[in-house]
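Data block for structure-v1.txt (compact mmCIF, C-alpha atoms):
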```txt
# COMPACT_ATOMS: atom_id res chain seq x y z
CA MET A 292 -79.69 -13.10 92.31
CA ILE A 293 -76.21 -11.76 92.92
CA GLU A 294 -74.66 -9.56 90.27
CA SER A 295 -71.05 -10.34 89.61
CA SER A 296 -68.70 -8.15 87.66
CA THR A 297 -65.02 -7.44 87.57
CA GLU A 298 -65.62 -3.98 86.18
CA SER A 299 -65.73 -0.90 88.43
CA PRO A 300 -69.30 0.07 89.20
CA PRO A 301 -70.64 2.92 87.05
CA LEU A 302 -70.12 6.40 88.50
CA ASP A 303 -73.74 6.99 89.52
CA ARG A 304 -73.64 3.77 91.49
CA VAL A 305 -70.56 4.98 93.38
CA ARG A 306 -72.23 8.28 94.04
CA GLU A 307 -75.29 6.57 95.36
CA ARG A 308 -73.21 4.37 97.62
CA THR A 309 -71.20 7.33 98.92
CA GLY A 310 -74.41 9.23 99.36
CA GLY A 311 -75.91 6.28 101.19
CA ARG A 312 -73.05 5.96 103.65
CA SER A 313 -72.80 9.71 104.05
CA ALA A 314 -76.53 10.01 104.67
CA ARG A 315 -76.38 7.20 107.20
CA ILE A 316 -73.53 8.84 109.11
CA ARG A 317 -75.42 12.10 109.05
CA ALA A 318 -78.57 10.49 110.41
CA ASP A 319 -76.61 8.62 113.11
CA VAL A 320 -74.76 11.74 114.24
CA LEU A 321 -77.88 13.91 114.35
CA ALA A 322 -79.79 11.23 116.27
CA ALA A 323 -76.84 11.10 118.71
CA VAL A 324 -77.00 14.88 119.11
CA ARG A 325 -80.68 14.65 120.04
CA GLU A 326 -80.00 11.90 122.55
CA GLU A 327 -77.12 13.83 124.11
CA LEU A 328 -79.21 17.00 124.35
CA LEU A 329 -81.91 15.06 126.09
CA ALA A 330 -79.42 13.45 128.49
CA ASP A 331 -77.21 16.40 129.31
CA GLY A 332 -78.51 19.60 127.76
CA TYR A 333 -76.86 22.00 125.36
CA GLY A 334 -74.44 23.40 127.93
CA ARG A 335 -72.70 20.03 128.19
CA LEU A 336 -73.02 18.87 124.57
CA ALA A 337 -69.62 17.36 123.65
CA TYR A 338 -68.29 16.24 120.25
CA ARG A 339 -66.63 13.22 121.81
CA ALA A 340 -69.85 11.96 123.37
CA VAL A 341 -71.81 12.55 120.16
CA ALA A 342 -69.20 10.69 118.09
CA GLN A 343 -69.10 7.78 120.52
CA ARG A 344 -72.86 7.45 120.58
CA ALA A 345 -73.02 7.58 116.78
CA GLY A 346 -70.16 5.09 116.40
CA VAL A 347 -68.05 7.42 114.25
CA ASP A 348 -64.71 9.15 114.63
CA PRO A 349 -64.86 12.57 116.36
CA ALA A 350 -62.88 14.01 113.43
CA THR A 351 -65.74 13.08 111.10
CA VAL A 352 -68.16 15.06 113.26
CA TYR A 353 -65.83 18.07 113.48
CA ARG A 354 -65.25 18.06 109.73
CA ARG A 355 -68.93 18.21 108.82
CA TRP A 356 -70.16 20.33 111.73
CA PRO A 357 -67.33 22.64 112.81
CA SER A 358 -69.40 24.24 115.60
CA ARG A 359 -71.88 23.00 118.20
CA PRO A 360 -74.58 25.39 116.98
CA GLN A 361 -74.29 23.81 113.52
CA LEU A 362 -74.80 20.37 115.03
CA VAL A 363 -77.90 21.46 116.90
CA VAL A 364 -79.41 23.38 114.00
CA ASP A 365 -79.02 20.36 111.70
CA ALA A 366 -80.40 18.03 114.37
CA LEU A 367 -83.60 20.05 114.62
CA ARG A 368 -83.93 20.78 110.91
CA GLU A 369 -83.71 17.11 110.08
CA LEU A 370 -86.67 16.40 112.36
CA VAL A 371 -88.67 19.41 111.30
CA GLU A 372 -88.19 18.84 107.59
CA ARG A 373 -89.71 15.39 107.70
CA PRO A 374 -93.08 15.37 105.99
CA GLN A 375 -95.68 16.73 108.40
CA PRO A 376 -99.30 15.65 108.55
CA SER A 377 -101.58 18.15 106.80
CA PRO A 378 -103.28 20.62 109.14
CA PRO A 379 -106.73 19.42 110.26
CA ASP A 380 -109.67 20.18 107.95
CA THR A 381 -112.85 19.42 109.90
CA GLY A 382 -115.05 22.18 108.47
CA SER A 383 -114.96 24.11 111.77
CA VAL A 384 -112.12 26.56 112.44
CA ALA A 385 -112.39 26.09 116.20
CA ASP A 386 -111.98 22.32 115.85
CA ASP A 387 -109.17 22.72 113.32
CA LEU A 388 -107.21 25.11 115.55
CA GLY A 389 -107.86 22.96 118.61
CA ALA A 390 -106.56 19.79 116.96
CA PHE A 391 -103.55 21.63 115.56
CA LEU A 392 -102.70 23.18 118.93
CA ASP A 393 -103.01 19.77 120.63
CA GLY A 394 -100.29 18.52 118.29
CA VAL A 395 -98.08 21.52 119.05
CA LEU A 396 -98.52 21.09 122.81
CA ALA A 397 -97.80 17.36 122.54
CA GLU A 398 -94.45 18.21 120.96
CA LEU A 399 -93.78 20.89 123.55
CA THR A 400 -94.33 18.46 126.41
CA ASP A 401 -92.12 15.77 124.83
CA PRO A 402 -88.69 15.91 126.51
CA THR A 403 -86.70 15.28 123.30
CA TRP A 404 -88.48 17.96 121.30
CA LEU A 405 -88.28 20.35 124.22
CA ALA A 406 -84.51 19.84 124.68
CA LEU A 407 -84.04 20.33 120.96
CA PHE A 408 -86.21 23.44 120.71
CA ARG A 409 -84.39 24.98 123.66
CA ALA A 410 -80.95 24.20 122.28
CA TYR A 411 -82.00 25.40 118.83
CA ALA A 412 -83.21 28.74 120.11
CA LEU A 413 -79.88 29.18 121.89
CA ALA A 414 -77.65 27.80 119.14
CA GLY A 415 -79.22 30.03 116.51
CA ALA A 416 -78.57 33.01 118.73
CA GLU A 417 -74.94 32.03 119.24
CA ASP A 418 -74.08 31.57 115.59
CA GLY A 419 -75.71 34.10 113.30
CA SER A 420 -74.04 32.54 110.25
CA LEU A 421 -76.45 29.62 110.42
CA GLY A 422 -79.31 31.70 109.18
CA SER A 423 -82.24 32.75 111.27
CA PRO A 424 -84.06 30.04 113.25
CA TRP A 425 -87.14 31.75 111.84
CA THR A 426 -86.85 29.77 108.57
CA VAL A 427 -87.83 26.62 110.46
CA TRP A 428 -90.75 28.28 112.21
CA GLU A 429 -91.89 30.01 109.07
CA ASP A 430 -92.36 26.64 107.39
CA ARG A 431 -94.16 25.08 110.33
CA LEU A 432 -96.45 27.98 111.10
CA GLY A 433 -96.88 28.89 107.44
CA ALA A 434 -98.43 25.50 106.67
CA ALA A 435 -100.94 26.03 109.50
CA GLN A 436 -102.28 29.26 108.01
CA VAL A 437 -104.44 27.29 105.59
CA MET A 438 -106.84 26.54 108.48
CA VAL A 439 -107.50 30.28 108.77
CA THR A 440 -107.71 30.95 105.03
CA ARG A 441 -110.22 28.12 104.61
CA ALA A 442 -112.30 29.61 107.45
CA ILE A 443 -112.24 32.99 105.69
CA GLU A 444 -113.42 31.30 102.47
CA ARG A 445 -116.21 29.57 104.38
CA GLY A 446 -117.24 32.91 105.92
CA GLU A 447 -116.37 31.74 109.45
CA LEU A 448 -113.73 34.46 109.89
CA PRO A 449 -113.71 38.01 108.48
CA VAL A 450 -111.74 38.64 105.29
CA HIS A 451 -109.55 41.25 107.00
CA CYS A 452 -108.07 38.81 109.51
CA ASP A 453 -104.38 38.00 109.22
CA PRO A 454 -103.74 34.20 109.05
CA GLN A 455 -100.09 34.46 110.06
CA ALA A 456 -100.87 36.63 113.08
CA VAL A 457 -103.74 34.39 114.19
CA ILE A 458 -101.56 31.27 114.11
CA GLU A 459 -98.75 33.07 115.92
CA HIS A 460 -101.06 34.22 118.71
CA LEU A 461 -102.56 30.72 118.91
CA VAL A 462 -99.24 28.96 119.54
CA ALA A 463 -97.13 31.65 121.26
CA PRO A 464 -98.48 31.15 124.81
CA GLY A 465 -97.70 27.42 124.64
CA TYR A 466 -94.14 28.09 123.47
CA PHE A 467 -93.81 30.78 126.14
CA ARG A 468 -94.73 28.31 128.87
CA ALA A 469 -92.71 25.38 127.54
CA LEU A 470 -89.56 27.22 126.52
CA VAL A 471 -89.46 30.41 128.57
CA SER A 472 -91.47 30.52 131.76
CA SER A 473 -91.73 26.78 132.58
CA GLN A 474 -95.24 27.39 133.86
CA PRO A 475 -97.13 24.08 133.67
CA ILE A 476 -99.80 23.73 130.99
CA GLU A 477 -103.06 23.09 132.84
CA PRO A 478 -106.24 21.45 131.51
CA GLY A 479 -108.27 24.05 129.65
CA PHE A 480 -105.18 25.94 128.49
CA ALA A 481 -105.54 24.85 124.85
CA THR A 482 -109.26 25.65 124.82
CA ARG A 483 -108.55 29.15 126.09
CA CYS A 484 -105.80 29.69 123.50
CA VAL A 485 -108.22 28.75 120.70
CA ARG A 486 -110.96 31.00 122.09
CA TYR A 487 -108.55 33.93 122.39
CA ALA A 488 -107.11 33.37 118.90
CA LEU A 489 -110.60 33.35 117.38
CA ALA A 490 -111.56 36.52 119.25
CA ALA A 491 -108.37 38.12 117.89
CA ALA A 492 -109.17 36.92 114.37
CA ARG A 493 -112.59 38.54 114.57
CA CYS A 494 -111.52 41.89 116.07
CA MET B 8 -64.83 62.84 161.69
CA ILE B 9 -62.82 59.66 162.00
CA GLU B 10 -63.69 57.25 164.77
CA SER B 11 -60.71 55.81 166.54
CA SER B 12 -60.80 52.83 168.83
CA THR B 13 -58.44 50.10 169.93
CA GLU B 14 -61.35 47.82 170.78
CA SER B 15 -62.56 45.14 168.38
CA PRO B 16 -65.53 46.35 166.42
CA PRO B 17 -68.92 45.17 167.79
CA LEU B 18 -70.25 41.96 166.28
CA ASP B 19 -72.94 43.54 164.11
CA ARG B 20 -70.26 45.74 162.59
CA VAL B 21 -68.20 42.67 161.66
CA ARG B 22 -71.26 41.03 160.21
CA GLU B 23 -72.01 44.07 158.18
CA ARG B 24 -68.47 44.19 156.86
CA THR B 25 -68.49 40.50 155.99
CA GLY B 26 -71.89 40.94 154.41
CA GLY B 27 -70.58 43.95 152.54
CA ARG B 28 -67.61 42.15 151.05
CA SER B 29 -69.67 39.05 150.36
CA ALA B 30 -72.39 41.09 148.68
CA ARG B 31 -69.79 42.93 146.62
CA ILE B 32 -68.20 39.69 145.41
CA ARG B 33 -71.66 38.36 144.59
CA ALA B 34 -72.55 41.46 142.59
CA ASP B 35 -69.19 41.40 140.76
CA VAL B 36 -69.49 37.73 139.86
CA LEU B 37 -73.08 38.00 138.65
CA ALA B 38 -72.24 41.08 136.58
CA ALA B 39 -69.33 39.09 135.10
CA VAL B 40 -71.71 36.23 134.26
CA ARG B 41 -73.97 38.64 132.38
CA GLU B 42 -71.04 40.09 130.46
CA GLU B 43 -69.71 36.64 129.58
CA LEU B 44 -73.15 35.48 128.42
CA LEU B 45 -73.39 38.52 126.21
CA ALA B 46 -69.90 37.98 124.80
CA ASP B 47 -69.91 34.22 124.31
CA GLY B 48 -73.31 32.71 125.09
CA TYR B 49 -74.29 30.05 127.57
CA GLY B 50 -72.68 27.20 125.65
CA ARG B 51 -69.23 28.69 126.23
CA LEU B 52 -69.76 30.15 129.73
CA ALA B 53 -66.59 29.27 131.70
CA TYR B 54 -65.89 29.63 135.43
CA ARG B 55 -62.34 30.77 134.74
CA ALA B 56 -63.46 33.61 132.50
CA VAL B 57 -66.17 34.70 134.95
CA ALA B 58 -63.69 34.69 137.87
CA GLN B 59 -61.10 36.61 135.88
CA ARG B 60 -63.62 39.24 134.82
CA ALA B 61 -64.89 39.61 138.39
CA GLY B 62 -61.37 39.76 139.80
CA VAL B 63 -61.90 36.85 142.18
CA ASP B 64 -60.45 33.38 142.57
CA PRO B 65 -62.21 30.65 140.51
CA ALA B 66 -62.51 28.58 143.71
CA THR B 67 -64.67 31.33 145.23
CA VAL B 68 -67.04 31.11 142.29
CA TYR B 69 -67.17 27.29 142.39
CA ARG B 70 -67.82 27.30 146.13
CA ARG B 71 -70.83 29.59 145.95
CA TRP B 72 -72.23 28.45 142.61
CA PRO B 73 -71.32 24.78 142.11
CA SER B 74 -73.04 24.59 138.71
CA ARG B 75 -73.34 26.85 135.68
CA PRO B 76 -77.15 26.82 135.84
CA GLN B 77 -76.92 28.19 139.39
CA LEU B 78 -74.70 31.02 138.17
CA VAL B 79 -77.10 31.94 135.42
CA VAL B 80 -80.21 31.70 137.54
CA ASP B 81 -78.71 34.01 140.16
CA ALA B 82 -77.48 36.41 137.50
CA LEU B 83 -81.00 36.84 136.14
CA ARG B 84 -82.75 36.85 139.51
CA GLU B 85 -80.52 39.62 140.76
CA LEU B 86 -81.58 41.80 137.83
CA VAL B 87 -85.21 40.84 137.94
CA GLU B 88 -85.58 41.34 141.68
CA ARG B 89 -84.48 44.95 141.52
CA PRO B 90 -87.41 47.27 142.18
CA GLN B 91 -89.45 47.61 138.99
CA PRO B 92 -91.35 50.69 137.91
CA SER B 93 -95.06 50.38 138.66
CA PRO B 94 -97.18 49.32 135.69
CA PRO B 95 -98.62 52.30 133.75
CA ASP B 96 -101.87 53.81 135.04
CA THR B 97 -103.14 56.17 132.36
CA GLY B 98 -106.86 55.58 132.81
CA SER B 99 -107.08 53.69 129.49
CA VAL B 100 -106.38 49.97 129.40
CA ALA B 101 -105.21 50.12 125.78
CA ASP B 102 -102.66 52.80 126.64
CA ASP B 103 -101.57 50.96 129.81
CA LEU B 104 -101.03 47.66 128.00
CA GLY B 105 -99.28 49.43 125.12
CA ALA B 106 -96.81 51.23 127.40
CA PHE B 107 -96.19 48.06 129.39
CA LEU B 108 -95.58 45.99 126.26
CA ASP B 109 -93.20 48.63 124.91
CA GLY B 110 -91.11 48.14 128.05
CA VAL B 111 -91.16 44.34 127.64
CA LEU B 112 -90.15 44.57 123.98
CA ALA B 113 -87.36 47.04 124.83
CA GLU B 114 -85.91 44.43 127.21
CA LEU B 115 -86.37 41.68 124.64
CA THR B 116 -84.43 43.61 122.02
CA ASP B 117 -81.60 44.47 124.44
CA PRO B 118 -78.73 42.03 123.81
CA THR B 119 -77.80 41.59 127.49
CA TRP B 120 -81.35 40.84 128.61
CA LEU B 121 -81.86 38.59 125.64
CA ALA B 122 -78.68 36.58 126.31
CA LEU B 123 -79.73 36.27 129.94
CA PHE B 124 -83.31 35.25 129.23
CA ARG B 125 -82.11 32.62 126.77
CA ALA B 126 -79.52 31.21 129.14
CA TYR B 127 -82.02 31.29 132.00
CA ALA B 128 -84.63 29.34 130.08
CA LEU B 129 -81.98 26.74 129.30
CA ALA B 130 -80.28 26.67 132.67
CA GLY B 131 -83.56 26.19 134.51
CA ALA B 132 -84.33 23.27 132.25
CA GLU B 133 -80.92 21.69 132.89
CA ASP B 134 -81.04 21.86 136.66
CA GLY B 135 -84.47 21.18 138.10
CA SER B 136 -83.14 21.62 141.65
CA LEU B 137 -83.00 25.38 141.12
CA GLY B 138 -86.73 25.70 141.30
CA SER B 139 -88.92 26.54 138.37
CA PRO B 140 -87.99 29.57 136.25
CA TRP B 141 -91.70 30.31 136.55
CA THR B 142 -91.18 32.00 139.94
CA VAL B 143 -89.39 34.86 138.20
CA TRP B 144 -92.05 35.23 135.51
CA GLU B 145 -94.85 34.91 138.00
CA ASP B 146 -93.55 37.99 139.82
CA ARG B 147 -93.03 40.03 136.67
CA LEU B 148 -96.30 39.14 134.99
CA GLY B 149 -98.21 39.10 138.25
CA ALA B 150 -97.44 42.75 138.90
CA ALA B 151 -98.79 43.65 135.46
CA GLN B 152 -102.21 42.15 136.14
CA VAL B 153 -103.23 45.28 138.04
CA MET B 154 -103.66 47.05 134.68
CA VAL B 155 -106.41 44.57 133.83
CA THR B 156 -108.05 44.55 137.26
CA ARG B 157 -108.22 48.37 137.25
CA ALA B 158 -109.84 48.23 133.79
CA ILE B 159 -112.42 45.78 135.12
CA GLU B 160 -113.14 48.15 138.04
CA ARG B 161 -113.53 51.04 135.59
CA GLY B 162 -115.91 48.94 133.48
CA GLU B 163 -113.56 48.95 130.49
CA LEU B 164 -113.25 45.16 130.56
CA PRO B 165 -115.85 42.54 131.51
CA VAL B 166 -115.75 41.14 135.06
CA HIS B 167 -115.31 37.59 133.77
CA CYS B 168 -111.99 38.29 132.06
CA ASP B 169 -108.88 36.60 133.48
CA PRO B 170 -106.11 39.15 134.23
CA GLN B 171 -103.31 36.57 134.26
CA ALA B 172 -104.38 35.06 130.94
CA VAL B 173 -104.73 38.48 129.30
CA ILE B 174 -101.21 39.52 130.33
CA GLU B 175 -99.79 36.18 129.21
CA HIS B 176 -101.41 36.47 125.78
CA LEU B 177 -100.23 40.09 125.54
CA VAL B 178 -96.55 39.30 126.04
CA ALA B 179 -96.21 35.71 124.74
CA PRO B 180 -95.88 36.59 121.02
CA GLY B 181 -93.00 38.99 121.82
CA TYR B 182 -91.18 36.36 123.85
CA PHE B 183 -91.88 33.80 121.13
CA ARG B 184 -90.22 36.00 118.52
CA ALA B 185 -87.30 37.13 120.66
CA LEU B 186 -86.46 33.83 122.34
CA VAL B 187 -87.80 31.11 120.09
CA SER B 188 -88.41 31.95 116.45
CA SER B 189 -86.02 34.91 116.00
CA GLN B 190 -88.59 36.52 113.72
CA PRO B 191 -87.93 40.26 113.71
CA ILE B 192 -90.40 42.50 115.54
CA GLU B 193 -91.83 44.85 112.91
CA PRO B 194 -93.49 48.24 113.44
CA GLY B 195 -97.11 47.70 114.36
CA PHE B 196 -96.40 44.42 116.15
CA ALA B 197 -97.01 45.87 119.63
CA THR B 198 -100.22 47.58 118.51
CA ARG B 199 -101.54 44.31 117.16
CA CYS B 200 -100.62 42.45 120.34
CA VAL B 201 -102.58 44.98 122.41
CA ARG B 202 -105.58 44.82 120.07
CA TYR B 203 -105.60 41.00 120.17
CA ALA B 204 -105.20 40.90 123.96
CA LEU B 205 -108.13 43.27 124.41
CA ALA B 206 -110.30 41.23 122.02
CA ALA B 207 -109.37 38.15 124.07
CA ALA B 208 -110.21 39.94 127.32
CA ARG B 209 -113.64 40.79 125.98
CA CYS B 210 -114.53 37.39 124.51
```

Produce structure tokens that represent the structure in this file.
Amino acid sequence: MIESSTESPPLDRVRERTGGRSARIRADVLAAVREELLADGYGRLAYRAVAQRAGVDPATVYRRWPSRPQLVVDALRELVERPQPSPPDTGSVADDLGAFLDGVLAELTDPTWLALFRAYALAGAEDGSLGSPWTVWEDRLGAAQVMVTRAIERGELPVHCDPQAVIEHLVAPGYFRALVSSQPIEPGFATRCVRYALAAARC
Amino acid sequence: MIESSTESPPLDRVRERTGGRSARIRADVLAAVREELLADGYGRLAYRAVAQRAGVDPATVYRRWPSRPQLVVDALRELVERPQPSPPDTGSVADDLGAFLDGVLAELTDPTWLALFRAYALAGAEDGSLGSPWTVWEDRLGAAQVMVTRAIERGELPVHCDPQAVIEHLVAPGYFRALVSSQPIEPGFATRCVRYALAAARC
């Protein structure tokens, strides 16, 4: 059934429509940023190419994201802020940490995520006004701490262990390899990271 | 005493001179790259600005370093390949690792090193032909493994522990904070990293 009316639509309807178009442009531009980063890297990221890929006017991109770091930060945040699966809850902290780390390493070996993480680390450093990149990591790693707190409650880990530190030490070597050293991640790497993180949690 | 001669200089003398000038230009350009990275970041690194700062013609820079990643990779390698102090040898593995990590964290909180590490991680990713960034890290972290092997020989650490893995787990959280998450490094961070690495070495 098609509504017909000669009246102007009510204000909230207009807002919704504007919001809808605005949100669509935003999503298209940020997806284009991710594709451009993957194709050419942050060093060559160009407004014109992003606008062309998104099918919008370059001026629209400039107006909303006056700097390249802002573009990159929004492009990662949009991905990261999507609802995440809950951390594993198998009843065994070793299995929980292993399954969680597998997910992290899968992201870190995905070219799009990798290009975005790299550009994000750099963009955040170049434009301090965007807020610390840490806010994104805090959310992601913060959610994972529940695996450690549940293990403490079950008596699997000592009460004095620090959930934030344990998660950080679990994932840091993977990020170091993927984003810093480019050393390949060999079979057995994840198992060793879990074993080391648990030894740290118990020390 | 001034040598005087109307003869042409012998060939090795010419070579040395050419090498001297060439080496000087190289050093000037790579120093200029580091200064530009510090001032403006990798995203805005421009050949013209590098050439101007180094006092050479832009064509000279283009000829030797046809891509920005090549410039950045050479600028870091030149620094990294300078003779490093030997890893600490105090007779206690905890003290050795602590002193070594202090040096790593001092680099990671130095703006020039940080800008260079960031750009290097990105540049290596953008231009695979430059060889893996891992070669640089392999040298740096490889040299540090002697602290662990000496501790094994002294009986401080078990023979089954993996020196490379222990060093990687020791430094990875610092690199993660400095280059990826931008989380500040608080007092006590280094102490915890050493404690965790030793627990890992003994597990």

Which chain A residues are at most 8 Å from chain B (counting all atoms listed in the file), as an mmCIF file with C-alpha atoms, keeping the file's coordinate frame?
```cif
data_model
loop_
_atom_site.group_PDB
_atom_site.id
_atom_site.type_symbol
_atom_site.label_atom_id
_atom_site.label_comp_id
_atom_site.auth_asym_id
_atom_site.auth_seq_id
_atom_site.Cartn_x
_atom_site.Cartn_y
_atom_site.Cartn_z
ATOM 1 C CA ASP A 331 -77.210 16.400 129.310
ATOM 2 C CA GLY A 332 -78.510 19.600 127.760
ATOM 3 C CA TYR A 333 -76.860 22.000 125.360
ATOM 4 C CA GLY A 334 -74.440 23.400 127.930
ATOM 5 C CA ARG A 335 -72.700 20.030 128.190
ATOM 6 C CA PHE A 408 -86.210 23.440 120.710
ATOM 7 C CA ARG A 409 -84.390 24.980 123.660
ATOM 8 C CA ALA A 410 -80.950 24.200 122.280
ATOM 9 C CA ALA A 412 -83.210 28.740 120.110
ATOM 10 C CA LEU A 413 -79.880 29.180 121.890
ATOM 11 C CA GLU A 417 -74.940 32.030 119.240
ATOM 12 C CA SER A 423 -82.240 32.750 111.270
ATOM 13 C CA PRO A 424 -84.060 30.040 113.250
ATOM 14 C CA TRP A 425 -87.140 31.750 111.840
ATOM 15 C CA TRP A 428 -90.750 28.280 112.210
ATOM 16 C CA GLU A 459 -98.750 33.070 115.920
ATOM 17 C CA HIS A 460 -101.060 34.220 118.710
ATOM 18 C CA ALA A 463 -97.130 31.650 121.260
ATOM 19 C CA PRO A 464 -98.480 31.150 124.810
ATOM 20 C CA TYR A 466 -94.140 28.090 123.470
ATOM 21 C CA PHE A 467 -93.810 30.780 126.140
ATOM 22 C CA LEU A 470 -89.560 27.220 126.520
ATOM 23 C CA VAL A 471 -89.460 30.410 128.570
ATOM 24 C CA SER A 472 -91.470 30.520 131.760
ATOM 25 C CA SER A 473 -91.730 26.780 132.580
ATOM 26 C CA GLN A 474 -95.240 27.390 133.860
ATOM 27 C CA ARG A 486 -110.960 31.000 122.090
ATOM 28 C CA TYR A 487 -108.550 33.930 122.390
ATOM 29 C CA ALA A 488 -107.110 33.370 118.900
ATOM 30 C CA ALA A 490 -111.560 36.520 119.250
ATOM 31 C CA ALA A 491 -108.370 38.120 117.890
ATOM 32 C CA ALA A 492 -109.170 36.920 114.370
ATOM 33 C CA CYS A 494 -111.520 41.890 116.070
#
```

Next on the checklist: I'd like the interatomic distance between CA of Arg157 in chain B and CA of Gly105 in chain B, to a tenth of an Å.
Outcome noted: 15.1 Å

Checklist entry - How many Å lie between CA of Ala390 in chain A and CA of Ala435 in chain A, rounded to one decimal? => result 11.2 Å

Checklist entry - From the list A:Asp319, A:Glu327, A:Asp387, A:Asp393, which residue is nearest Arg339 in chain A when using only C-alpha atoms? => result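 Comparing A:Asp319, A:Glu327, A:Asp387, A:Asp393 against Arg339 in chain A, the winner is A:Glu327.
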
Edge lengths and centre in Å, axis-aligned, range 473-491 of chain A plus 6 Å each side, as AutoDock Vina command-line options:
```
--center_x -101.6 --center_y 29.8 --center_z 125.6 --size_x 31.8 --size_y 28.7 --size_z 28.5
```

Checklist entry - Looking at A:Leu432, A:Val384, A:Leu407, A:Leu399, which one is nearest to Leu448 in chain A, with distances taken over only C-alpha atoms? => result A:Val384

Checklist entry - Expressed in Å to a single decimal, how great is the separation between CA of Ala340 in chain A and CA of Val363 in chain A? => result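 Separation between CA of Ala340 in chain A and CA of Val363 in chain A: 14.0 Å.
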
Checklist entry - With distances taken over only C-alpha atoms, which of B:Val36, B:Val166, B:Ala197, B:Ile159 is nearest to Leu108 in chain B? => result B:Ala197

Checklist entry - Between A:Ser383, A:Leu321, A:Asp430, A:Gln375, which is the closest to Trp356 in chain A once you count only C-alpha atoms? => result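 Residue with the minimum atom-to-atom distance to Trp356 in chain A: A:Leu321.
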
Item to check | Neighbours of point (-95.1, 50.5, 138.5) within 12 Å, using all atoms listed in the file, written as a ChimeraX atom specification | outcome: /B:90-97,103,106-107,110,147-154

What would range 175-186 of chain B look like with N, CA, C and O atoms restored, written as a compact mmCIF listing (two decimals), in the frame of the given file?
```txt
# COMPACT_ATOMS: atom_id res chain seq x y z
N GLU B 175 -100.59 37.22 129.87
CA GLU B 175 -99.79 36.18 129.21
C GLU B 175 -99.95 36.25 127.69
O GLU B 175 -98.97 36.18 126.95
N HIS B 176 -101.18 36.41 127.23
CA HIS B 176 -101.41 36.47 125.78
C HIS B 176 -100.87 37.77 125.19
O HIS B 176 -100.52 37.83 124.02
N LEU B 177 -100.81 38.82 126.01
CA LEU B 177 -100.23 40.09 125.54
C LEU B 177 -98.74 39.95 125.26
O LEU B 177 -98.25 40.40 124.22
N VAL B 178 -98.01 39.31 126.17
CA VAL B 178 -96.55 39.30 126.04
C VAL B 178 -96.00 38.07 125.32
O VAL B 178 -94.88 38.12 124.79
N ALA B 179 -96.76 36.97 125.28
CA ALA B 179 -96.21 35.71 124.74
C ALA B 179 -95.69 35.83 123.30
O ALA B 179 -94.60 35.33 123.01
N PRO B 180 -96.42 36.51 122.38
CA PRO B 180 -95.88 36.59 121.02
C PRO B 180 -94.52 37.30 120.95
O PRO B 180 -93.66 36.92 120.16
N GLY B 181 -94.30 38.30 121.80
CA GLY B 181 -93.00 38.99 121.82
C GLY B 181 -91.90 38.06 122.30
O GLY B 181 -90.81 38.00 121.70
N TYR B 182 -92.17 37.32 123.37
CA TYR B 182 -91.18 36.36 123.85
C TYR B 182 -90.94 35.26 122.82
O TYR B 182 -89.82 34.81 122.62
N PHE B 183 -92.01 34.83 122.16
CA PHE B 183 -91.88 33.80 121.13
C PHE B 183 -90.91 34.27 120.03
O PHE B 183 -90.01 33.55 119.63
N ARG B 184 -91.11 35.51 119.58
CA ARG B 184 -90.22 36.00 118.52
C ARG B 184 -88.79 36.18 119.00
O ARG B 184 -87.84 35.80 118.33
N ALA B 185 -88.64 36.79 120.19
CA ALA B 185 -87.30 37.13 120.66
C ALA B 185 -86.51 35.89 121.08
O ALA B 185 -85.32 35.80 120.80
N LEU B 186 -87.19 34.96 121.73
CA LEU B 186 -86.46 33.83 122.34
C LEU B 186 -86.60 32.53 121.58
O LEU B 186 -85.83 31.61 121.80
```
